[in-house]
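Below is the file target_35.txt, which contains compact mmCIF, C-alpha atoms.
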```txt
# COMPACT_ATOMS: atom_id res chain seq x y z
CA GLU L 1 0.00 0.00 0.00
CA SER L 2 2.80 2.44 0.91
CA VAL L 3 4.64 1.52 -2.29
CA ALA L 4 1.56 2.26 -4.38
CA ALA L 5 0.93 5.52 -2.56
CA ALA L 6 4.55 6.56 -3.06
CA ALA L 7 4.22 5.90 -6.79
CA VAL L 8 1.14 8.12 -7.02
CA PHE L 9 2.83 10.97 -5.19
CA ASP L 10 5.99 10.51 -7.26
CA ASN L 11 3.92 10.85 -10.42
CA VAL L 12 2.40 14.11 -9.21
CA ALA L 13 5.76 15.48 -8.04
CA ASP L 14 7.56 14.55 -11.26
CA ASN L 15 4.93 15.55 -13.80
CA CYS L 16 3.00 18.47 -12.37
CA VAL L 17 4.36 21.94 -13.03
CA ALA L 18 1.80 23.93 -11.04
CA PRO L 19 0.46 24.80 -8.57
CA ASP L 20 3.56 24.85 -6.39
CA ASP L 21 1.64 23.89 -3.27
CA LEU L 22 0.43 20.67 -4.88
CA VAL L 23 3.92 19.68 -6.00
CA ALA L 24 5.44 20.50 -2.61
CA ARG L 25 2.83 18.43 -0.79
CA ALA L 26 3.32 15.55 -3.22
CA LEU L 27 7.08 15.60 -2.60
CA PHE L 28 6.51 15.57 1.14
CA GLN L 29 4.01 12.73 1.02
CA SER L 30 6.26 10.77 -1.31
CA GLY L 31 9.07 11.09 1.21
CA ARG L 32 6.80 9.93 4.01
CA ARG L 33 5.69 6.88 2.04
CA GLN L 34 9.33 6.05 1.23
CA LEU L 35 10.08 6.12 4.95
CA ASP L 36 7.19 3.70 5.47
CA THR L 37 8.87 1.30 3.06
CA ARG L 38 12.25 1.74 4.80
CA ASP L 39 13.77 3.44 1.77
CA ALA L 40 15.49 6.22 3.68
CA PRO L 41 17.82 7.37 0.85
CA ARG L 42 14.91 7.92 -1.55
CA ALA L 43 12.89 9.59 1.20
CA ILE L 44 15.79 11.94 1.90
CA ALA L 45 16.05 12.75 -1.80
CA ARG L 46 12.37 13.74 -1.91
CA PHE L 47 12.60 15.85 1.25
CA GLU L 48 15.73 17.59 -0.01
CA GLU L 49 14.09 18.27 -3.37
CA LEU L 50 11.17 19.91 -1.60
CA GLN L 51 13.52 22.18 0.36
CA ARG L 52 15.53 23.07 -2.74
CA ARG L 53 12.56 23.85 -4.97
CA PHE L 54 10.20 25.37 -2.40
CA PRO L 55 12.32 26.79 0.45
CA GLN L 56 9.50 29.10 1.56
CA HIS L 57 6.80 26.43 1.65
CA ARG L 58 5.23 25.65 5.01
CA LEU L 59 6.40 22.02 4.72
CA ALA L 60 10.06 22.87 4.05
CA ASP L 61 11.03 22.77 7.73
CA ASP L 62 9.00 19.57 8.20
CA ALA L 63 11.00 18.05 5.35
CA ARG L 64 14.25 19.19 6.96
CA LEU L 65 13.39 17.53 10.26
CA LYS L 66 12.40 14.28 8.57
CA SER L 67 15.61 14.34 6.52
CA ALA L 68 17.70 14.83 9.64
CA ASN L 69 15.99 11.95 11.43
CA ALA L 70 16.35 9.73 8.36
CA TYR L 71 20.09 10.42 8.24
CA LEU L 72 20.30 9.53 11.93
CA GLU L 73 18.56 6.21 11.25
CA LEU L 74 21.17 5.56 8.56
CA GLY L 75 23.90 6.11 11.14
CA SER L 76 25.04 9.55 10.00
CA GLU L 77 24.92 11.54 13.20
CA SER L 78 27.13 14.27 11.74
CA LYS L 79 24.55 14.94 9.03
CA PHE L 80 21.77 14.90 11.62
CA VAL L 81 23.64 17.49 13.66
CA ASP L 82 24.45 19.66 10.65
CA LEU L 83 20.86 19.72 9.38
CA GLY L 84 19.49 20.32 12.87
CA LEU L 85 21.81 23.19 13.68
CA ARG L 86 20.95 25.02 10.46
CA MET L 87 17.19 24.83 10.99
CA ALA L 88 16.99 28.04 13.02
CA ASP L 89 18.78 30.06 10.33
CA ASP L 90 17.05 28.44 7.37
CA TYR L 91 13.49 28.39 8.77
CA PRO L 92 13.27 30.89 11.67
CA GLU L 93 9.46 30.88 11.57
CA GLY L 94 9.04 27.13 10.98
CA ASP L 95 6.76 25.29 13.36
CA GLN L 96 9.04 22.22 13.35
CA VAL L 97 12.23 24.12 14.16
CA PRO L 98 11.75 23.96 17.96
CA GLU L 99 11.26 20.20 17.73
CA GLY L 100 14.34 19.77 15.55
CA LEU L 101 16.55 21.77 17.87
CA PHE L 102 15.18 20.02 20.94
CA LEU L 103 15.87 16.58 19.48
CA LEU L 104 19.44 17.71 18.82
CA ALA L 105 19.76 18.97 22.39
CA LEU L 106 18.24 15.73 23.68
CA ARG L 107 20.88 13.68 21.85
CA ARG L 108 23.55 15.69 23.62
CA MET L 109 21.86 15.39 27.01
CA LEU L 110 21.65 11.62 26.66
CA LYS L 111 25.42 11.63 26.06
CA SER L 112 25.90 13.87 29.13
CA ASP L 113 27.18 16.65 26.87
CA TRP L 114 25.43 19.31 28.92
CA SER L 115 27.51 22.17 27.58
CA GLY L 116 26.62 21.23 24.02
CA ALA L 117 22.97 20.80 24.99
CA ALA L 118 22.96 24.22 26.66
CA SER L 119 24.25 25.84 23.48
CA VAL L 120 21.46 24.31 21.38
CA LEU L 121 18.83 25.13 24.01
CA ALA L 122 20.01 28.75 24.04
CA THR L 123 19.46 28.92 20.28
CA LEU L 124 16.05 27.33 20.77
CA GLY L 125 15.20 29.94 23.39
CA GLN L 126 15.79 32.75 20.89
CA LEU L 127 13.29 31.50 18.32
CA PRO L 128 10.28 33.78 17.82
CA ARG L 129 7.91 30.88 18.50
CA ILE L 130 9.52 30.44 21.92
CA THR L 131 10.05 34.07 22.91
CA ASN L 132 6.48 34.90 21.86
CA HIS L 133 5.05 31.86 23.70
CA ASP L 134 3.25 30.74 20.55
CA ASP L 135 3.46 27.18 21.89
CA PRO L 136 3.48 27.22 25.72
CA GLU L 137 4.48 23.58 26.04
CA GLN L 138 7.54 23.98 23.81
CA THR L 139 8.47 27.17 25.67
CA GLU L 140 8.22 25.43 29.04
CA ARG L 141 10.21 22.46 27.74
CA GLN L 142 13.02 24.78 26.62
CA GLN L 143 13.01 26.58 29.97
CA TYR L 144 13.04 23.37 31.99
CA PHE L 145 15.85 21.67 30.11
CA ALA L 146 17.90 24.87 29.90
CA ALA L 147 17.71 24.92 33.71
CA ARG L 148 18.67 21.24 33.85
CA ALA L 149 21.73 22.01 31.73
CA GLN L 150 22.65 24.85 34.07
CA LEU L 151 22.29 22.54 37.06
CA GLU L 152 24.48 19.86 35.51
CA GLN L 153 27.15 22.46 34.77
CA GLY L 154 27.25 23.69 38.35
CA GLN L 155 25.24 26.87 37.74
CA THR L 156 23.00 26.04 40.66
CA GLU L 157 21.55 29.45 41.49
CA GLN L 158 20.63 30.16 37.87
CA ALA L 159 18.97 26.76 37.64
CA LEU L 160 17.01 27.20 40.88
CA SER L 161 15.79 30.61 39.74
CA ALA L 162 14.64 29.13 36.44
CA PHE L 163 12.85 26.24 38.16
CA GLU L 164 11.18 28.68 40.54
CA ALA L 165 10.01 30.92 37.69
CA LEU L 166 8.53 27.95 35.87
CA VAL L 167 6.66 26.80 38.98
CA ARG L 168 5.22 30.27 39.50
CA GLN L 169 4.26 30.85 35.88
CA ARG L 170 2.56 27.62 34.90
CA PRO L 171 0.67 25.84 37.72
CA PHE L 172 -0.37 22.27 36.91
CA SER L 173 1.58 22.07 33.63
CA TYR L 174 3.76 19.02 32.99
CA TYR L 175 7.09 20.86 33.01
CA MET L 176 6.01 22.83 36.06
CA LEU L 177 5.66 19.50 37.88
CA LEU L 178 9.15 18.47 36.84
CA ALA L 179 10.56 21.86 37.87
CA ASN L 180 8.75 21.61 41.19
CA SER L 181 10.22 18.15 41.75
CA ARG L 182 13.77 19.39 41.15
CA LEU L 183 13.26 22.49 43.27
CA SER L 184 11.72 20.47 46.11
CA GLU L 185 14.77 18.20 46.16
CA LEU L 186 17.30 21.02 46.13
CA ASP L 187 15.57 23.74 48.15
CA PRO L 188 12.26 22.68 49.76
CA VAL L 189 11.60 26.09 51.32
CA ARG L 190 12.05 27.84 48.01
CA ALA L 191 9.82 25.28 46.33
CA GLN L 192 7.07 25.86 48.85
CA ARG L 193 7.35 29.60 48.38
CA ALA L 194 7.18 29.23 44.62
CA ARG L 195 4.00 27.20 44.89
CA GLY L 196 2.49 30.08 46.84
CA THR L 197 1.73 28.05 50.00
CA GLY L 198 4.14 29.69 52.45
CA ASP L 199 3.54 29.23 56.16
CA SER L 200 -0.21 29.65 55.76
CA GLY L 201 -0.73 26.64 53.56
CA PRO L 202 -0.22 22.89 53.75
CA SER L 203 3.27 21.47 53.58
CA SER L 204 2.61 20.02 50.17
CA SER L 205 0.27 21.22 47.44
CA PRO L 206 -2.25 18.97 45.64
CA PHE L 207 -0.14 19.07 42.49
CA GLU L 208 3.23 18.39 44.09
CA LEU L 209 5.27 15.60 42.50
CA PRO L 210 7.70 14.18 45.09
CA PHE L 211 11.21 13.77 43.79
CA ARG L 212 12.35 10.30 42.78
CA THR L 213 15.86 9.36 41.77
CA GLU L 214 14.49 7.79 38.57
CA LEU L 215 13.82 11.30 37.25
CA ARG L 216 17.57 11.63 36.74
CA GLU L 217 17.76 8.59 34.46
CA PRO L 218 18.13 9.03 30.68
CA GLY L 219 15.45 6.38 30.22
CA PHE L 220 12.92 8.58 32.01
CA THR L 221 13.77 11.54 29.78
CA ARG L 222 13.37 9.36 26.68
CA ALA L 223 10.04 8.04 27.95
CA MET L 224 8.65 11.52 28.57
CA GLU L 225 9.63 12.75 25.14
CA LEU L 226 8.23 9.65 23.47
CA MET L 227 4.95 10.29 25.27
CA ALA L 228 4.97 13.88 24.01
CA LEU L 229 5.35 12.51 20.48
CA GLY L 230 2.48 10.09 21.01
CA GLU L 231 4.73 7.00 20.95
CA MET L 232 3.09 5.41 23.98
CA ASP L 233 4.28 1.85 23.33
CA ALA L 234 7.90 2.94 23.01
CA ALA L 235 7.56 5.14 26.10
CA GLY L 236 6.14 2.22 28.06
CA ALA L 237 9.05 0.05 26.99
CA GLU L 238 11.49 2.65 28.32
CA LEU L 239 9.70 2.79 31.68
CA ARG L 240 9.50 -0.99 31.94
CA ALA L 241 13.22 -1.22 31.25
CA MET L 242 13.78 1.01 34.29
CA ARG L 243 11.85 -1.54 36.43
CA LEU L 244 9.77 1.12 38.12
CA PRO L 245 7.66 -0.16 41.02
```

What is this file in structure tokens?
Amino acid sequence: ESVAAAAVFDNVADNCVAPDDLVARALFQSGRRQLDTRDAPRAIARFEELQRRFPQHRLADDARLKSANAYLELGSESKFVDLGLRMADDYPEGDQVPEGLFLLALRRMLKSDWSGAASVLATLGQLPRITNHDDPEQTERQQYFAARAQLEQGQTEQALSAFEALVRQRPFSYYMLLANSRLSELDPVRAQRARGTGDSGPSSSPFELPFRTELREPGFTRAMELMALGEMDAAGAELRAMRLP
């Protein structure tokens, strides 16, 4: 089925001259179908053709991200890194640029390259979509992991301030819970203050997530990001591998 679909999209991409939007979408869908059939080189060729012919199309940054991930699957991490790093310059308004940069930062975090991750996260934090809070979840993710990178590099006060700001700004959000967990472990009084309970409230708020050492594990980070991508089976496999009670 994917092979037949790819052939249809290939025919449109190769033989239609206009409109541009139709050709660009056909190239993108052809690449996707090629990925379904495990033909990464041909998929990459289609995604790269889309970017070359229609660099301003709304799917150009989507094609870049899929190309980068396809190269990574082929074992070319250097190409993955190169394509990911250039996303911000090539597609500053692209909706997939934050995801591409975060995946690059995540690769570095999983290798304990926190300095490298911090550099990518800083670039991510300067994107208009992040500074304008166009996507609150992506903004909070950048803020949380930038603070984690600071913490791992010994910049404790900066990290605590960032965790505290996140707790204050976004009650009940997912990354607020993670920030609250870190802050509660490192400075319980500050965490309580950030939650707005102080001396007049209970010792723990209804949305408090007690810290667990498993939150430090790379497997937990992978599981959370897989969940965010909707890959629940893969996320579950990561959590089971950690043998959580």

Task: Pick from L:Thr131, L:Ser76, L:Gln153, L:Thr139, whichever lies nearest to Ala117 (chain L) using all atoms listed in the file - done: L:Gln153

- [ ] Quick one: pull the distance between CA of Pro218 (chain L) and CA of Leu239 (chain L), Å, one decimal.
- [x]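 CA of Pro218 (chain L) sits 10.5 Å away from CA of Leu239 (chain L).
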
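Our summary of the geometry notes that CA of Glu217 (chain L) is positioned 28.6 Å from CA of His133 (chain L).
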
Task: Residue nearest Gly100 (chain L) - candidates L:Gln158, L:Ser119, L:Ser184, L:Asn69, atoms counted: only C-alpha atoms - done: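 Distance minimum relative to Gly100 (chain L) lands on L:Asn69.
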
Open item on the list: I'd like to know which of L:Asp89, L:Leu101, L:Arg107, L:Glu164 is closest to Glu77 (chain L), using all atoms listed in the file.
Closed with: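 Of L:Asp89, L:Leu101, L:Arg107, L:Glu164, the one nearest Glu77 (chain L), counting all atoms listed in the file, is L:Arg107.
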
- [ ] Go ahead and compute the interatomic distance for CA of Thr156 (chain L) and CA of Arg168 (chain L), in Å to one decimal.
- [x] 18.3 Å

TODO: Determine the nearest neighbour of Leu186 (chain L) from the options L:Leu166, L:Ala26, L:Ala105, L:Leu160, counting all atoms listed in the file.
DONE: L:Leu160

TODO: For Glu225 (chain L), list every protein, DNA or RNA residue within 12 Å, evaluated using all atoms listed in the file, and leave out those in the same chain fewer than 5 positions away; present the list as a list of chain:residue names.
DONE: L:Glu99, L:Phe102, L:Leu103, L:Leu106, L:Arg107, L:Gln138, L:Arg141, L:Phe145, L:Tyr174, L:Tyr175, L:Pro218, L:Gly219, L:Phe220, L:Gly230, L:Glu231, L:Met232, L:Ala234, L:Ala235, L:Gly236, L:Glu238, L:Leu239

Open item on the list: With all atoms listed in the file as the counted atoms, please give the residues lying no more than 10 Å from His57 (chain L), apart from itself and same-chain residues fewer than 6 positions off, as a list in words.
Closed with: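 Counting only the stated atoms, we get Asp20, Asp21, Ala24, Arg25, Leu50, Gln51, Tyr91 and Gly94 of chain L.
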
Please write as a PDB file with C-alpha atoms, in the frame of the given file the list of polymer residues whose atoms come within 10 Å of (22.2, 20.4, 13.2), counting all atoms listed in the file and keeping to the coordinates of the file.
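Here's the written file result-v7.pdb:
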```
ATOM      1  CA  LEU L  65      13.390  17.530  10.260  1.00  0.00           C
ATOM      2  CA  ALA L  68      17.700  14.830   9.640  1.00  0.00           C
ATOM      3  CA  GLU L  77      24.920  11.540  13.200  1.00  0.00           C
ATOM      4  CA  SER L  78      27.130  14.270  11.740  1.00  0.00           C
ATOM      5  CA  LYS L  79      24.550  14.940   9.030  1.00  0.00           C
ATOM      6  CA  PHE L  80      21.770  14.900  11.620  1.00  0.00           C
ATOM      7  CA  VAL L  81      23.640  17.490  13.660  1.00  0.00           C
ATOM      8  CA  ASP L  82      24.450  19.660  10.650  1.00  0.00           C
ATOM      9  CA  LEU L  83      20.860  19.720   9.380  1.00  0.00           C
ATOM     10  CA  GLY L  84      19.490  20.320  12.870  1.00  0.00           C
ATOM     11  CA  LEU L  85      21.810  23.190  13.680  1.00  0.00           C
ATOM     12  CA  ARG L  86      20.950  25.020  10.460  1.00  0.00           C
ATOM     13  CA  MET L  87      17.190  24.830  10.990  1.00  0.00           C
ATOM     14  CA  ALA L  88      16.990  28.040  13.020  1.00  0.00           C
ATOM     15  CA  GLY L 100      14.340  19.770  15.550  1.00  0.00           C
ATOM     16  CA  LEU L 101      16.550  21.770  17.870  1.00  0.00           C
ATOM     17  CA  LEU L 103      15.870  16.580  19.480  1.00  0.00           C
ATOM     18  CA  LEU L 104      19.440  17.710  18.820  1.00  0.00           C
ATOM     19  CA  ALA L 105      19.760  18.970  22.390  1.00  0.00           C
ATOM     20  CA  VAL L 120      21.460  24.310  21.380  1.00  0.00           C
TER      21      VAL L 120
END
```
